[in-house]
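Engineer: Following this line is final11.cif, made up of mmCIF, C-alpha atoms:
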data_entry
loop_
_atom_site.label_atom_id
_atom_site.label_comp_id
_atom_site.auth_asym_id
_atom_site.auth_seq_id
_atom_site.Cartn_x
_atom_site.Cartn_y
_atom_site.Cartn_z
CA MET A 1 0.00 0.00 0.00
CA ASN A 2 1.31 3.46 -0.93
CA ILE A 3 -0.24 6.66 0.34
CA THR A 4 -1.31 9.01 -2.47
CA PRO A 5 0.99 12.06 -2.54
CA THR A 6 -0.37 15.26 -1.08
CA ILE A 7 -2.72 17.19 -3.35
CA PRO A 8 -3.58 20.90 -3.14
CA GLY A 9 -5.86 21.70 -0.25
CA THR A 10 -4.72 18.80 1.93
CA LEU A 11 -2.14 18.38 4.67
CA SER A 12 -0.50 14.99 5.26
CA VAL A 13 1.24 14.20 8.54
CA ALA A 14 3.22 11.01 9.20
CA GLN A 15 4.79 9.31 12.22
CA LEU A 16 7.71 6.85 12.17
CA ASN A 17 10.09 5.55 14.81
CA ILE A 18 13.23 4.94 12.72
CA TRP A 19 14.77 2.40 15.08
CA ASN A 20 18.23 3.31 16.33
CA MET A 21 19.21 5.59 13.46
CA PHE A 22 22.81 6.18 14.58
CA ASP A 23 25.76 7.42 12.54
CA THR A 24 29.29 6.06 12.05
CA VAL A 25 30.92 8.21 14.78
CA ASP A 26 31.12 7.54 18.52
CA ASP A 27 29.65 10.23 20.77
CA PRO A 28 31.52 10.08 24.10
CA ARG A 29 28.58 11.69 25.91
CA THR A 30 26.26 8.77 25.22
CA ARG A 31 26.00 4.99 24.84
CA ASP A 32 25.38 5.33 21.11
CA MET A 33 25.88 2.61 18.55
CA VAL A 34 28.60 3.07 15.93
CA VAL A 35 27.23 1.87 12.60
CA PRO A 36 29.41 0.55 9.75
CA MET A 37 29.42 2.92 6.77
CA GLY A 38 27.81 0.42 4.40
CA GLU A 39 24.94 -0.23 6.80
CA TYR A 40 24.49 3.50 7.43
CA ARG A 41 24.23 4.30 3.74
CA ALA A 42 21.81 1.42 3.14
CA ARG A 43 19.53 2.58 5.93
CA LEU A 44 19.56 6.18 4.66
CA ALA A 45 18.57 5.02 1.17
CA LYS A 46 15.91 2.73 2.62
CA LEU A 47 14.46 5.54 4.72
CA ALA A 48 14.29 7.85 1.70
CA LEU A 49 12.43 5.11 -0.18
CA THR A 50 10.02 4.72 2.73
CA ILE A 51 9.32 8.45 2.92
CA THR A 52 8.64 8.83 -0.79
CA THR A 53 6.62 5.65 -1.30
CA THR A 54 5.09 4.17 1.85
CA LEU A 55 4.50 7.60 3.41
CA GLY A 56 3.69 9.39 0.17
CA SER A 57 6.14 12.28 0.77
CA PRO A 58 4.14 13.80 3.64
CA ASP A 59 4.03 17.51 4.37
CA ILE A 60 5.17 16.82 7.95
CA LEU A 61 7.06 13.80 9.24
CA SER A 62 7.58 13.03 12.94
CA LEU A 63 10.70 10.93 13.60
CA ASN A 64 11.90 9.08 16.71
CA GLU A 65 15.26 7.46 17.55
CA ILE A 66 17.47 9.69 15.40
CA GLU A 67 20.92 10.43 16.81
CA ASN A 68 21.94 13.94 15.83
CA GLN A 69 21.95 16.79 13.33
CA ASN A 70 24.44 14.94 11.11
CA VAL A 71 22.00 12.08 10.64
CA LEU A 72 19.12 14.45 9.97
CA ASP A 73 21.23 16.31 7.40
CA ALA A 74 22.16 13.01 5.76
CA ILE A 75 18.46 12.15 5.41
CA LEU A 76 17.65 15.60 4.01
CA ASN A 77 20.47 15.24 1.48
CA GLN A 78 19.23 11.97 0.04
CA PRO A 79 18.51 12.86 -3.62
CA SER A 80 14.80 12.01 -3.57
CA ILE A 81 14.29 13.89 -0.29
CA LYS A 82 16.32 16.92 -1.35
CA ALA A 83 14.33 17.16 -4.58
CA LEU A 84 11.14 17.57 -2.57
CA GLY A 85 12.50 20.55 -0.63
CA TYR A 86 12.37 19.01 2.84
CA LYS A 87 13.83 20.84 5.83
CA GLY A 88 14.19 19.55 9.37
CA LYS A 89 14.62 20.32 13.06
CA ILE A 90 16.08 17.97 15.69
CA GLN A 91 15.46 18.00 19.43
CA VAL A 92 17.94 18.74 22.21
CA LEU A 93 19.93 15.86 23.72
CA ASN A 94 19.11 14.39 27.14
CA ASP A 95 18.92 10.68 26.39
CA GLY A 96 21.77 8.52 27.65
CA ARG A 97 21.56 6.30 24.58
CA GLY A 98 21.82 9.33 22.34
CA ILE A 99 18.44 9.15 20.58
CA ARG A 100 16.24 12.15 19.90
CA THR A 101 13.09 13.21 18.10
CA ALA A 102 12.99 15.31 14.94
CA VAL A 103 10.52 16.81 12.51
CA MET A 104 10.83 17.09 8.74
CA TYR A 105 8.62 19.37 6.67
CA ARG A 106 8.13 20.35 3.06
CA ASP A 107 8.28 23.82 1.57
CA SER A 108 4.51 24.24 1.81
CA LEU A 109 5.19 25.00 5.47
CA GLU A 110 7.22 27.73 7.13
CA LEU A 111 8.71 26.91 10.53
CA LEU A 112 8.01 29.90 12.77
CA SER A 113 9.46 28.72 16.09
CA THR A 114 10.29 25.68 18.19
CA ALA A 115 10.30 24.89 21.91
CA ALA A 116 11.53 22.06 24.12
CA PRO A 117 9.55 22.14 27.39
CA ASN A 118 11.23 19.94 30.00
CA PRO A 119 10.33 20.72 33.62
CA LYS A 120 12.03 19.39 36.72
CA PHE A 121 10.83 16.05 38.05
CA PRO A 122 11.02 15.27 41.78
CA PRO A 123 13.67 12.61 42.52
CA ASN A 124 12.31 9.10 42.80
CA ASN A 125 13.69 5.59 42.61
CA ASP A 126 13.81 5.41 38.81
CA ARG A 127 16.86 7.77 38.69
CA GLY A 128 15.90 8.85 35.20
CA PHE A 129 16.92 5.51 33.64
CA GLY A 130 19.97 6.75 31.82
CA GLN A 131 19.05 10.35 31.22
CA ILE A 132 21.97 12.74 30.95
CA ASP A 133 20.18 15.02 33.42
CA SER A 134 17.88 12.83 35.49
CA SER A 135 16.39 15.84 37.32
CA LEU A 136 14.38 16.67 34.20
CA LEU A 137 11.09 15.01 33.34
CA TYR A 138 11.94 13.89 29.81
CA SER A 139 14.92 12.13 28.29
CA ARG A 140 13.34 13.10 24.94
CA PRO A 141 11.44 16.33 25.60
CA PRO A 142 8.52 17.25 23.34
CA LEU A 143 9.58 19.02 20.16
CA VAL A 144 7.04 21.80 19.73
CA ALA A 145 7.09 23.14 16.17
CA ASN A 146 4.93 26.09 15.17
CA PHE A 147 4.22 26.31 11.45
CA ARG A 148 2.52 28.59 8.99
CA TYR A 149 0.91 26.76 6.11
CA THR A 150 2.00 28.54 2.93
CA GLY A 151 1.02 26.04 0.25
CA ALA A 152 -2.03 25.76 -1.95
CA GLY A 153 -4.35 26.13 1.03
CA GLN A 154 -2.82 29.31 2.37
CA SER A 155 -5.90 31.38 1.58
CA LEU A 156 -8.28 28.96 3.26
CA GLU A 157 -9.80 30.37 6.38
CA GLY A 158 -8.51 29.02 9.68
CA VAL A 159 -5.69 26.80 8.46
CA SER A 160 -2.77 29.20 8.21
CA ASN A 161 -1.15 28.18 11.52
CA LEU A 162 -0.41 24.78 12.98
CA THR A 163 1.39 23.45 16.06
CA VAL A 164 2.93 19.98 15.84
CA ILE A 165 4.29 18.38 19.02
CA VAL A 166 6.59 15.42 18.37
CA ASN A 167 7.03 12.98 21.27
CA HIS A 168 8.88 9.91 22.41
CA PHE A 169 7.75 9.06 25.94
CA LYS A 170 9.72 6.97 28.42
CA SER A 171 9.51 3.25 27.70
CA LYS A 172 8.16 0.64 30.09
CA LEU A 173 11.65 -0.78 30.65
CA GLY A 174 12.07 -1.23 34.39
CA GLY A 175 8.52 -2.32 35.17
CA ALA A 176 6.69 -0.24 37.76
CA LYS A 177 9.61 2.04 38.62
CA PRO A 178 9.30 4.44 35.65
CA GLU A 179 5.50 4.59 35.83
CA PRO A 180 5.31 7.84 37.85
CA ARG A 181 7.60 9.50 35.33
CA ARG A 182 5.66 8.12 32.37
CA GLN A 183 2.34 9.29 33.74
CA ARG A 184 3.71 12.72 34.58
CA GLN A 185 4.99 13.02 31.00
CA GLY A 186 1.46 12.52 29.69
CA GLU A 187 -0.03 14.82 32.30
CA PHE A 188 2.47 17.61 31.67
CA LEU A 189 1.98 17.50 27.91
CA GLY A 190 -1.79 17.61 28.36
CA GLU A 191 -1.43 20.68 30.58
CA TYR A 192 0.86 22.23 27.97
CA VAL A 193 -1.80 21.73 25.30
CA ASP A 194 -4.39 23.28 27.65
CA GLY A 195 -2.16 26.34 27.92
CA LEU A 196 -2.07 26.70 24.14
CA THR A 197 -5.82 26.33 23.72
CA ALA A 198 -6.47 28.74 26.59
CA LYS A 199 -4.62 31.41 24.60
CA ASP A 200 -6.39 30.46 21.37
CA PRO A 201 -9.42 28.14 21.61
CA LYS A 202 -9.22 27.62 17.83
CA SER A 203 -5.62 26.35 17.94
CA ASN A 204 -4.78 23.66 15.40
CA ILE A 205 -2.62 21.22 17.36
CA ILE A 206 -1.27 17.78 16.44
CA VAL A 207 0.30 15.67 19.21
CA ILE A 208 2.19 12.89 17.49
CA GLY A 209 4.86 10.29 18.17
CA ASP A 210 5.84 7.12 19.97
CA LEU A 211 4.12 7.46 23.34
CA ASN A 212 5.13 3.95 24.47
CA ALA A 213 1.58 3.76 25.78
CA THR A 214 -1.62 1.94 24.87
CA TYR A 215 -5.12 3.23 25.52
CA ASP A 216 -5.08 1.56 28.94
CA ASP A 217 -1.88 3.26 30.15
CA GLY A 218 -1.95 6.22 32.49
CA ALA A 219 0.45 8.18 30.29
CA TYR A 220 -2.03 8.06 27.41
CA LYS A 221 -5.10 8.73 29.54
CA LYS A 222 -3.57 11.75 31.25
CA LEU A 223 -2.65 13.20 27.87
CA ALA A 224 -5.89 12.55 26.02
CA TYR A 225 -8.25 13.40 28.89
CA ARG A 226 -8.51 16.12 31.50
CA LYS A 227 -8.77 15.43 35.22
CA ASP A 228 -12.55 15.80 35.04
CA GLY A 229 -12.71 13.05 32.41
CA SER A 230 -13.48 15.33 29.48
CA GLU A 231 -11.71 14.73 26.19
CA ARG A 232 -8.75 17.04 25.57
CA LEU A 233 -7.55 15.60 22.25
CA LYS A 234 -9.21 13.40 19.66
CA ASP A 235 -7.50 10.20 18.56
CA THR A 236 -7.40 9.85 14.77
CA LEU A 237 -6.63 6.12 15.01
CA LYS A 238 -9.91 5.40 16.75
CA THR A 239 -11.51 5.79 13.33
CA LEU A 240 -9.82 2.51 12.34
CA SER A 241 -11.04 -1.00 13.11
CA ASP A 242 -9.81 -2.69 16.29
CA ASP A 243 -7.87 -5.26 14.25
CA ASP A 244 -5.97 -2.53 12.42
CA ARG A 245 -4.94 -0.50 15.47
CA TYR A 246 -1.38 -1.62 16.19
CA THR A 247 2.08 -0.28 15.37
CA TYR A 248 4.32 -2.69 17.29
CA VAL A 249 4.39 -6.44 17.92
CA TYR A 250 6.11 -7.81 21.04
CA ARG A 251 6.27 -11.56 21.59
CA GLY A 252 3.34 -12.01 19.26
CA LYS A 253 1.17 -9.39 20.97
CA LYS A 254 0.02 -6.42 18.93
CA ASN A 255 0.35 -3.03 20.60
CA LEU A 256 -0.61 0.51 19.59
CA LEU A 257 2.32 2.61 20.85
CA ASP A 258 2.38 5.37 18.21
CA HIS A 259 -0.39 7.95 18.11
CA VAL A 260 -1.74 10.96 16.23
CA LEU A 261 -3.93 13.08 18.50
CA VAL A 262 -5.48 16.36 17.37
CA THR A 263 -7.66 19.22 18.51
CA GLY A 264 -11.29 19.08 17.51
CA GLY A 265 -11.21 21.25 14.41
CA LEU A 266 -8.46 19.16 12.84
CA PHE A 267 -10.35 15.99 13.69
CA ASP A 268 -13.34 17.35 11.77
CA ALA A 269 -10.97 17.93 8.84
CA LEU A 270 -9.58 14.36 8.95
CA LYS A 271 -9.84 12.84 5.48
CA SER A 272 -8.04 9.56 6.14
CA VAL A 273 -5.62 7.85 8.49
CA GLU A 274 -3.72 4.64 7.78
CA ILE A 275 -1.26 2.38 9.55
CA ASN A 276 0.92 0.50 7.10
CA HIS A 277 1.88 -2.81 8.76
CA VAL A 278 4.95 -3.15 6.56
CA ASN A 279 7.44 -3.33 9.47
CA THR A 280 5.56 -5.67 11.78
CA ALA A 281 5.12 -8.27 9.04
CA LYS A 282 6.67 -11.63 9.88
CA ASP A 283 9.75 -11.38 7.64
CA ALA A 284 10.23 -7.59 7.72
CA LYS A 285 13.39 -7.55 9.86
CA SER A 286 15.20 -9.78 7.38
CA HIS A 287 15.07 -6.84 4.93
CA LYS A 288 16.54 -4.30 7.36
CA LEU A 289 19.59 -3.53 5.22
CA ASP A 290 18.03 -3.88 1.78
CA PRO A 291 17.74 -0.30 0.41
CA LYS A 292 15.36 -1.43 -2.33
CA VAL A 293 12.73 -2.85 0.05
CA VAL A 294 10.69 -0.63 2.39
CA ALA A 295 9.95 -3.41 4.89
CA GLY A 296 12.22 -3.48 7.92
CA ILE A 297 13.25 0.17 8.17
CA SER A 298 11.81 0.08 11.70
CA ASP A 299 10.34 -2.20 14.34
CA HIS A 300 7.32 0.15 14.40
CA ASP A 301 4.71 0.61 11.68
CA PRO A 302 4.29 4.10 10.20
CA ILE A 303 1.13 6.19 10.36
CA VAL A 304 -0.12 8.72 7.80
CA ALA A 305 -3.01 11.07 8.51
CA VAL A 306 -4.42 13.33 5.79
CA PHE A 307 -6.49 16.41 6.55
CA GLN A 308 -8.77 18.06 4.00
CA LEU A 309 -8.11 21.77 4.37
CA SER A 310 -11.05 23.07 2.37
CA PRO A 311 -13.93 25.48 2.89
CA SER A 312 -16.24 22.48 3.39
CA LYS A 313 -14.04 21.21 6.26
CA PRO A 314 -12.14 24.12 7.76
CA ALA A 315 -9.51 23.19 10.35
CA GLN A 316 -10.95 25.33 13.12
#
Would you put the structure from the file into structure tokens?
Structural biologist:
Amino acid sequence: MNITPTIPGTLSVAQLNIWNMFDTVDDPRTRDMVVPMGEYRARLAKLALTITTTLGSPDILSLNEIENQNVLDAILNQPSIKALGYKGKIQVLNDGRGIRTAVMYRDSLELLSTAAPNPKFPPNNDRGFGQIDSSLLYSRPPLVANFRYTGAGQSLEGVSNLTVIVNHFKSKLGGAKPEPRRQRQGEFLGEYVDGLTAKDPKSNIIVIGDLNATYDDGAYKKLAYRKDGSERLKDTLKTLSDDDRYTYVYRGKKNLLDHVLVTGGLFDALKSVEINHVNTAKDAKSHKLDPKVVAGISDHDPIVAVFQLSPSKPAQ
């Protein structure tokens, strides 16, 4: 399955955890992997193929597990990616393994500003699990990117500005110990979104990324819902069938760890959302280093959401 490339009047947004996308150089600050040059080049080519085919060259792409600016630049300089005019922004470093989040965007969007909110977190027995600064809440703080939409839909009422928040929450590694931190990450981000909508009730906000949380987890619930139980953000993937809602398979169990949550106006503008199960297929990992096959670029499946930015479905 290939997603149809963006057409005028639409906005496509994709999510992909790119699975330990490290470079060939050791970073002494972290426990990074040093990748052989041949493997590195193969994975870059494979990722470019994935972006332009499986993801349909989305307007905005949320990435997880990317090491540094050098890797992001290498992706942006892949011929097929460079030809599409992509730019990118990577998050600050606080992860002991050296992984970060990033956002890529096409020239239909202008990046106005970014932020990296990361409050203090009271000491507890999880010790940050390898964070460079364990006193902070996030090892991978939210990447808040504020855009102006300047493409074909720029004259459409209510869709000129967009906030995309790229996330990679703490994993469940360590059992119950990291749970207070995980839940506080969801709660803090929800409060952050409330702050944005308090300033502008018509804000167009997309909260996207690998939340390492299913619908039953506290981290997800505290993000998606307010303390009074009311819905803060709408989940685009809930429009899919139960059987289709998974992005990760662990020991044979299907899990939905990646999410695309939006404010109400954008949900009304949702045209389609798809999870391509190309990476969780049985033999996908055997193709990890084949640059001509999209399967195996990640251990997570990608998501693409398309919004119809038209007068009949204004994003506000």
Engineer: Looking at A:Val71, A:Val278, A:Ala14, A:Leu162, which one is nearest to Glu110 in chain A, with distances taken over all atoms listed in the file?
Structural biologist: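 Going through A:Val71, A:Val278, A:Ala14, A:Leu162 one by one, the smallest distance to Glu110 in chain A is for A:Leu162.
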Engineer: Find the residues around range 136-138 of chain A up to 6 Å (all atoms listed in the file counted), leave out those fewer than 5 positions away in its own chain, and share them as a ChimeraX atom specification.
Structural biologist: /A:118-121
Engineer: Between CA of Val92 in chain A and CA of Asp194 in chain A, measure the distance and give it in Å to one decimal.
Structural biologist: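 For CA of Val92 in chain A relative to CA of Asp194 in chain A, the distance reads 23.4 Å.
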Engineer: Show which residues sit within 12 Å of Glu231 in chain A, as a list in words. Count only C-alpha atoms, and ignore same-chain residues fewer than 5 positions away.
Structural biologist: Gly190, Asp194, Tyr220, Lys221, Lys222, Leu223, Ala224, Tyr225, Arg226, Leu261, Val262, Thr263 and Gly264 of chain A
Engineer: Taking only C-alpha atoms into account, name the residue in A:Asp216, A:Glu274, A:Asp23, A:Asp95 that is nearest to Thr236 in chain A.
Structural biologist: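 Of all the options, A:Glu274 lies closest to Thr236 in chain A.
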Engineer: Given the PyMOL selection byres ((chain A and resi 74-87) around 7) and the file above, list the residues it selects as a list in words.
Structural biologist: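 What the PyMOL selection byres ((chain A and resi 74-87) around 7) grabs from the file is Leu44, Ala48, Asn70, Val71, Leu72, Asp73, Gly88, Met104, Tyr105, Arg106 and Asp107 of chain A.
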Engineer: The PyMOL selection byres ((chain A and resi 131) around 10) on the file shown: which residues, as a short mmCIF file (atom, residue, chain, number, x, y, z; two decimals) with C-alpha atoms, keeping the file's coordinate frame?
Structural biologist:
data_model
loop_
_atom_site.label_atom_id
_atom_site.label_comp_id
_atom_site.auth_asym_id
_atom_site.auth_seq_id
_atom_site.Cartn_x
_atom_site.Cartn_y
_atom_site.Cartn_z
CA THR A 30 26.26 8.77 25.22
CA LEU A 93 19.93 15.86 23.72
CA ASN A 94 19.11 14.39 27.14
CA ASP A 95 18.92 10.68 26.39
CA GLY A 96 21.77 8.52 27.65
CA ARG A 97 21.56 6.30 24.58
CA GLY A 98 21.82 9.33 22.34
CA ARG A 127 16.86 7.77 38.69
CA GLY A 128 15.90 8.85 35.20
CA PHE A 129 16.92 5.51 33.64
CA GLY A 130 19.97 6.75 31.82
CA ILE A 132 21.97 12.74 30.95
CA ASP A 133 20.18 15.02 33.42
CA SER A 134 17.88 12.83 35.49
CA SER A 135 16.39 15.84 37.32
CA LEU A 136 14.38 16.67 34.20
CA LEU A 137 11.09 15.01 33.34
CA TYR A 138 11.94 13.89 29.81
CA SER A 139 14.92 12.13 28.29
CA ARG A 140 13.34 13.10 24.94
#
Engineer: Written as a list in words, which residues does the PyMOL selection byres ((chain A and resi 26) around 12) give for the file shown?
Structural biologist: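 That selection, the PyMOL selection byres ((chain A and resi 26) around 12), comes back as Phe22, Asp23, Thr24, Val25, Asp27, Pro28, Arg29, Thr30, Arg31, Asp32, Met33, Val34, Val35, Pro36, Glu67, Asn68, Arg97 and Gly98 of chain A.
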Engineer: Go ahead and write the residues just picked, C-alpha atoms, as a PDB file, in the coordinates of the input.
Structural biologist:
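And here's out37.pdb as it stands now:
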ATOM      1  CA  PHE A  22      22.810   6.180  14.580  1.00  0.00           C
ATOM      2  CA  ASP A  23      25.760   7.420  12.540  1.00  0.00           C
ATOM      3  CA  THR A  24      29.290   6.060  12.050  1.00  0.00           C
ATOM      4  CA  VAL A  25      30.920   8.210  14.780  1.00  0.00           C
ATOM      5  CA  ASP A  27      29.650  10.230  20.770  1.00  0.00           C
ATOM      6  CA  PRO A  28      31.520  10.080  24.100  1.00  0.00           C
ATOM      7  CA  ARG A  29      28.580  11.690  25.910  1.00  0.00           C
ATOM      8  CA  THR A  30      26.260   8.770  25.220  1.00  0.00           C
ATOM      9  CA  ARG A  31      26.000   4.990  24.840  1.00  0.00           C
ATOM     10  CA  ASP A  32      25.380   5.330  21.110  1.00  0.00           C
ATOM     11  CA  MET A  33      25.880   2.610  18.550  1.00  0.00           C
ATOM     12  CA  VAL A  34      28.600   3.070  15.930  1.00  0.00           C
ATOM     13  CA  VAL A  35      27.230   1.870  12.600  1.00  0.00           C
ATOM     14  CA  PRO A  36      29.410   0.550   9.750  1.00  0.00           C
ATOM     15  CA  GLU A  67      20.920  10.430  16.810  1.00  0.00           C
ATOM     16  CA  ASN A  68      21.940  13.940  15.830  1.00  0.00           C
ATOM     17  CA  ARG A  97      21.560   6.300  24.580  1.00  0.00           C
ATOM     18  CA  GLY A  98      21.820   9.330  22.340  1.00  0.00           C
TER      19      GLY A  98
END
Engineer: Restricting the calculation to all atoms listed in the file, which member of A:Ile18, A:Ile60, A:Val273, A:Ala213 is positioned closest to Phe147 in chain A?
Structural biologist: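 Using all atoms listed in the file, Phe147 in chain A sits closest to A:Ile60.
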Engineer: What's the 9 Å shell around range 286-299 of chain A, counting only C-alpha atoms, without same-chain residues fewer than 4 positions away, as a ChimeraX atom specification?
Structural biologist: /A:16-20,39-50,53-54,247-249,277-281
Engineer: In Å, with one decimal, what is the gap from CA of Glu187 in chain A to CA of Ala219 in chain A?
Structural biologist: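 The value is 7.0 Å.
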Engineer: As an exercise, work out the distance from CA of Ser12 in chain A to CA of Leu61 in chain A in Å and give it to one decimal place.
Structural biologist: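 These two atoms are separated by 8.6 Å.
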Engineer: Using all atoms listed in the file, which residues sit within 8 Å of Asn146 in chain A once same-chain residues fewer than 4 positions away are excluded, as a list in words?
Structural biologist: Leu111, Leu112, Ser113, Thr114, Asn161, Leu162, Thr163 and Val164 of chain A
Engineer: Can you write just those residues out, C-alpha atoms, as a short mmCIF file (atom, residue, chain, number, x, y, z; two decimals), keeping the file's coordinate frame?
Structural biologist:
data_model
loop_
_atom_site.label_atom_id
_atom_site.label_comp_id
_atom_site.auth_asym_id
_atom_site.auth_seq_id
_atom_site.Cartn_x
_atom_site.Cartn_y
_atom_site.Cartn_z
CA LEU A 111 8.71 26.91 10.53
CA LEU A 112 8.01 29.90 12.77
CA SER A 113 9.46 28.72 16.09
CA THR A 114 10.29 25.68 18.19
CA ASN A 161 -1.15 28.18 11.52
CA LEU A 162 -0.41 24.78 12.98
CA THR A 163 1.39 23.45 16.06
CA VAL A 164 2.93 19.98 15.84
#
Engineer: Which of these residues is nearest to Pro122 in chain A, using all atoms listed in the file: A:Lys89, A:Arg181, A:Arg148, A:Lys170?
Structural biologist: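 Among A:Lys89, A:Arg181, A:Arg148, A:Lys170, it is A:Arg181 that comes nearest to Pro122 in chain A.
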Engineer: Using all atoms listed in the file, can you tell me which of A:Ile165, A:Leu55, A:Leu233, A:Ala176 comes closest to Asp126 in chain A?
Structural biologist: A:Ala176
Engineer: Using only C-alpha atoms, find the one residue out of A:Pro123, A:Val304, A:Ile90, A:Pro8 that sits nearest to Lys177 in chain A.
Structural biologist: A:Pro123
Engineer: List as a list in words the protein and nucleic acid residues near Leu211 in chain A, meaning an atom at most 6 Å away when only C-alpha atoms are counted, but skip any in the same chain fewer than 5 places from it.
Structural biologist: His168, Phe169, Leu257 and Asp258 of chain A
Engineer: Could range 42-58 of chain A be completed with N, CA and C atoms and returned as an mmCIF file, in the frame of the given file?
Structural biologist:
data_model
loop_
_atom_site.group_PDB
_atom_site.id
_atom_site.type_symbol
_atom_site.label_atom_id
_atom_site.label_comp_id
_atom_site.auth_asym_id
_atom_site.auth_seq_id
_atom_site.Cartn_x
_atom_site.Cartn_y
_atom_site.Cartn_z
ATOM 1 N N ALA A 42 22.964 2.239 3.540
ATOM 2 C CA ALA A 42 21.810 1.420 3.140
ATOM 3 C C ALA A 42 20.550 1.875 3.872
ATOM 4 N N ARG A 43 20.695 2.170 5.154
ATOM 5 C CA ARG A 43 19.530 2.580 5.930
ATOM 6 C C ARG A 43 19.039 3.972 5.505
ATOM 7 N N LEU A 44 19.968 4.871 5.149
ATOM 8 C CA LEU A 44 19.560 6.180 4.660
ATOM 9 C C LEU A 44 18.774 6.054 3.358
ATOM 10 N N ALA A 45 19.265 5.225 2.439
ATOM 11 C CA ALA A 45 18.570 5.020 1.170
ATOM 12 C C ALA A 45 17.208 4.369 1.399
ATOM 13 N N LYS A 46 17.153 3.431 2.313
ATOM 14 C CA LYS A 46 15.910 2.730 2.620
ATOM 15 C C LYS A 46 14.882 3.687 3.224
ATOM 16 N N LEU A 47 15.357 4.575 4.104
ATOM 17 C CA LEU A 47 14.460 5.540 4.720
ATOM 18 C C LEU A 47 13.906 6.503 3.671
ATOM 19 N N ALA A 48 14.763 6.960 2.776
ATOM 20 C CA ALA A 48 14.290 7.850 1.700
ATOM 21 C C ALA A 48 13.221 7.162 0.861
ATOM 22 N N LEU A 49 13.428 5.870 0.568
ATOM 23 C CA LEU A 49 12.430 5.110 -0.180
ATOM 24 C C LEU A 49 11.119 5.029 0.584
ATOM 25 N N THR A 50 11.214 4.805 1.886
ATOM 26 C CA THR A 50 10.020 4.720 2.730
ATOM 27 C C THR A 50 9.247 6.032 2.724
ATOM 28 N N ILE A 51 9.964 7.140 2.866
ATOM 29 C CA ILE A 51 9.320 8.450 2.920
ATOM 30 C C ILE A 51 8.587 8.755 1.622
ATOM 31 N N THR A 52 9.209 8.445 0.506
ATOM 32 C CA THR A 52 8.640 8.830 -0.790
ATOM 33 C C THR A 52 7.626 7.840 -1.341
ATOM 34 N N THR A 53 7.591 6.639 -0.815
ATOM 35 C CA THR A 53 6.620 5.650 -1.300
ATOM 36 C C THR A 53 5.599 5.302 -0.224
ATOM 37 N N THR A 54 6.018 4.602 0.805
ATOM 38 C CA THR A 54 5.090 4.170 1.850
ATOM 39 C C THR A 54 4.373 5.355 2.502
ATOM 40 N N LEU A 55 5.097 6.444 2.745
ATOM 41 C CA LEU A 55 4.500 7.600 3.410
ATOM 42 C C LEU A 55 3.969 8.641 2.436
ATOM 43 N N GLY A 56 4.235 8.475 1.153
ATOM 44 C CA GLY A 56 3.690 9.390 0.170
ATOM 45 C C GLY A 56 4.232 10.799 0.251
ATOM 46 N N SER A 57 5.505 10.959 0.676
ATOM 47 C CA SER A 57 6.140 12.280 0.770
ATOM 48 C C SER A 57 5.284 13.253 1.568
ATOM 49 N N PRO A 58 5.075 12.984 2.845
ATOM 50 C CA PRO A 58 4.140 13.800 3.640
ATOM 51 C C PRO A 58 4.628 15.231 3.820
#
